Amino acid sequence: MKKVLSVLILAISILVAVSIVMIYSTSGILAQDKFGNENYFLVKQLIWLLLSFCAFLFFSYCPFRIFKPLSLFFILTSIVLLSMTMLGSFSHTAGGATRWIVLGPIRFQPSEFAKLAVIIYLADVLSRKQDKIKEFFKSLFFPSLLIGFVLFLVLQQPDLGTTVLLAIIALFVYLIAGMKLTYFFLFVINGCVMLVFLIKMFPYRLKRISAFLDPFKDPKGSGFQIIQSFIALGSGGLNGVGLGQGKQKLFYLPEAHTDFIFAIIGEELGFIGTAGIVLLFLTFCVCGIMVAYKCKDQFGKLLVIGFTLMISAQALINMCVVTGLMPTKGISLPFVSFGGSNLLVNFIAVGIIVNVGLNGNNRVESNIIKKRKPRKDTIRYKYKRLASA
């Protein structure tokens with residue numbers, strides 16, 4: 001197991017190293033133009049990286065089972081934080097979305113914390129109700145209502161991408177826990193119907209679908225970003241144009257250091273660079289599955305499945321968006337894109353995965369009742385023998 005965890009940590013370390021280089025490469029000119037300091041975004045990311053590494057160490061050594069009695073507290077806290085984004089005194093709006101809470105110098109996305117809370121809560125509930133998992137109203141009804149309310153609050157920001165990601169995570173954790181396939185497919189069908197309704201309800205989402213189907217229909221409007229992404233990926237070829245030599249980051253490709261950093265990697269490092277990123281995420285996913293498979297603790301197993309899926313699915317969605325295989329969504333590339341909240345949450349998730357990998361097979365002493373035989377050489381034993389005589 002230690003070899004598997006070593007490979008997992010190595011894959012994450014390489015992704016973070018690539019992130020530091022590419023964030024400086026993609027954001028330097030923008031930072032100079034906007035803040036007068038080309039290192040502005042790089043310094044912020046390094047500060048978040050230091051905090052995230054400390055969180056990783058803490059959650060790697062903190063026994064993962066202590067989260068079990070705190071799961072309901074986590075999910076209720078996430079609901080409170082998500083509700084705070086609706087209050088103007090605490091919230092911050094950017095790009096037409098109110099996804100951030102501002103507390104002094106700290107700005108973070110509560111939807112990121114909601115990912116952790118949802119996974120921990122589901123892992124706790126589903127591990128406790130294994131004997132009733134096939135009965136929907138006895139095991140899944142109340143958790144589904146609570147998770148549905150969390151999804152509703154995330155959707156109000158609005159953040160359809162994170163809402164879909166959370167729904168996918170919850171569904172597959174349900175499935176791995178042993179939910180009937182009938183319920184699974186009913187959830188999927190209802191989710192698809194709701195998704196179509198939410199897309200048709202808002203014109204800007206319909207424009208994204210239109211741009212996804214034919215980006216060249218409106219090349220200067222809704223299709224501009226994905227076309228610039230295609231140009232970046234196509235310009236890179238096999239080996240790329242060279243580190244720091246990309247042109248699309250020069251105010252052509254919006255969000256080059258965040259959601260579309262994968263396109264700049266393709267331009268500057270070529271197909272070899274993008275294939276390497278895909279391979280690293282695939283390695284992480286396989287290692288996470290191996291940790292979950294070998295874990296004998298049901299709570300730990302569901303935690304690892306949830307966190308592995310959270311990071312892997314987010315990476316897959318981001319890369320699909322950048323390559324035009326999915327409509328544009330505001331979802332960053334884990335460990336690579338600029339962004340503190342997502343980086344911190346992902347490092348916490350990896351820390352818990354490592355923790356489960358190291359301690360998932362340890363027996364819980366509080367659940368073990370041992371009747372120890374008294375040692376014959378103790379004074380207490382000799383006293384009892386004399387008293388009985």
# chains A, B, ... in the order shown; residues from 1 in each chain; ligands from 1
call {"tool": "residues_around", "arguments": {"residues": "Gly340 in chain A", "least_positions_apart": "2", "cutoff": "9 Å", "atoms": "only C-alpha atoms", "output": "list in words"}}
result
Lys44, Gln45, Ile47, Trp48, Leu49, Ser52, Arg107, Phe108, Phe338, Asn342, Leu343, Leu344 and Val345 of chain A
call {"tool": "residues_around", "arguments": {"residues": "Ser127 in chain A", "least_positions_apart": "2", "cutoff": "8 Å", "atoms": "only C-alpha atoms", "output": "JSON, numbers by chain"}}
result
{"A": [123, 124, 125, 129, 130, 177, 298, 299, 302]}
call {"tool": "residues_around", "arguments": {"residues": "Pro143 in chain A", "least_positions_apart": "3", "cutoff": "8 Å", "atoms": "only C-alpha atoms", "output": "mmCIF file with C-alpha atoms, in the first residue's frame"}}
result
data_model
loop_
_atom_site.group_PDB
_atom_site.id
_atom_site.type_symbol
_atom_site.label_atom_id
_atom_site.label_comp_id
_atom_site.auth_asym_id
_atom_site.auth_seq_id
_atom_site.Cartn_x
_atom_site.Cartn_y
_atom_site.Cartn_z
ATOM 1 C CA LEU A 122 -22.601 10.373 2.524
ATOM 2 C CA VAL A 125 -24.628 7.743 6.484
ATOM 3 C CA SER A 139 -31.570 4.745 4.055
ATOM 4 C CA LEU A 140 -31.417 7.228 1.165
ATOM 5 C CA LEU A 146 -30.222 17.218 2.362
ATOM 6 C CA ILE A 147 -27.859 16.812 -0.603
#
call {"tool": "residues_around", "arguments": {"residues": "Ser83 in chain A", "least_positions_apart": "3", "cutoff": "12 Å", "atoms": "only C-alpha atoms", "output": "list in words"}}
result
Leu76, Thr77, Ser78, Ile79, Val80, Met86, Leu87, Gly88, Phe90, Ser91, Thr98, Arg99, Trp100, Ile101, Gln109, Pro110, Ser111, Ala114, Phe149, Val150, Leu151, Phe152, Leu153, Val154, Leu155, Gln156 and Gln157 of chain A
call {"tool": "residues_around", "arguments": {"residues": "range 305-320 of chain A", "least_positions_apart": "6", "cutoff": "8 Å", "atoms": "only C-alpha atoms", "output": "count of residues only"}}
result
29
call {"tool": "residues_around", "arguments": {"residues": "Leu198 in chain A", "least_positions_apart": "6", "cutoff": "10 Å", "atoms": "only C-alpha atoms", "output": "short mmCIF file (atom, residue, chain, number, x, y, z; two decimals) with N, CA and C atoms, in the first residue's frame"}}
result
data_model
loop_
_atom_site.label_atom_id
_atom_site.label_comp_id
_atom_site.auth_asym_id
_atom_site.auth_seq_id
_atom_site.Cartn_x
_atom_site.Cartn_y
_atom_site.Cartn_z
N LEU A 155 -26.63 26.00 -7.05
CA LEU A 155 -27.25 26.41 -8.32
C LEU A 155 -27.67 27.88 -8.28
N LEU A 160 -23.76 25.97 -12.34
CA LEU A 160 -24.30 24.72 -12.84
C LEU A 160 -23.24 23.64 -12.93
N CYS A 192 -31.17 14.31 -15.66
CA CYS A 192 -31.08 14.75 -17.06
C CYS A 192 -32.25 15.66 -17.44
N ARG A 205 -27.15 29.99 -21.08
CA ARG A 205 -26.80 28.56 -21.14
C ARG A 205 -27.10 27.98 -22.52
N LEU A 206 -28.20 28.45 -23.12
CA LEU A 206 -28.51 28.01 -24.49
C LEU A 206 -27.44 28.48 -25.47
#
call {"tool": "residues_around", "arguments": {"residues": "Arg65 in chain A", "least_positions_apart": "4", "cutoff": "10 Å", "atoms": "only C-alpha atoms", "output": "VMD selection string"}}
result
chain A and resid 69 to 70 124 297 299 to 300 355 to 356 359 to 360 364
call {"tool": "select_by_dssp", "arguments": {"residues": "range 45-131 of chain A", "states": "alpha helix (DSSP H)", "output": "PyMOL selection string"}}
result
chain A and resi 45-61+71-84+110-128
call {"tool": "closest_residue", "arguments": {"among": "A:Thr283, A:Ser210, A:Ser6, A:Gln225", "to": "Ala263 in chain A", "atoms": "only C-alpha atoms"}}
result
A:Gln225
call {"tool": "closest_residue", "arguments": {"among": "A:Ile133, A:Ala256, A:Leu269, A:Leu51", "to": "Met179 in chain A", "atoms": "only C-alpha atoms"}}
result
A:Ile133
call {"tool": "closest_residue", "arguments": {"among": "A:Thr85, A:Val278, A:Ile23, A:Ala11", "to": "Glu255 in chain A", "atoms": "only C-alpha atoms"}}
result
A:Ile23
call {"tool": "atom_distance", "arguments": {"atom1": "CA of Phe53 in chain A", "atom2": "CA of Ile348 in chain A"}}
result
8.6 Å
call {"tool": "atom_distance", "arguments": {"atom1": "CA of Tyr24 in chain A", "atom2": "CA of Leu42 in chain A"}}
result
5.7 Å
call {"tool": "atom_distance", "arguments": {"atom1": "CA of Cys62 in chain A", "atom2": "CA of Val354 in chain A"}}
result
10.7 Å
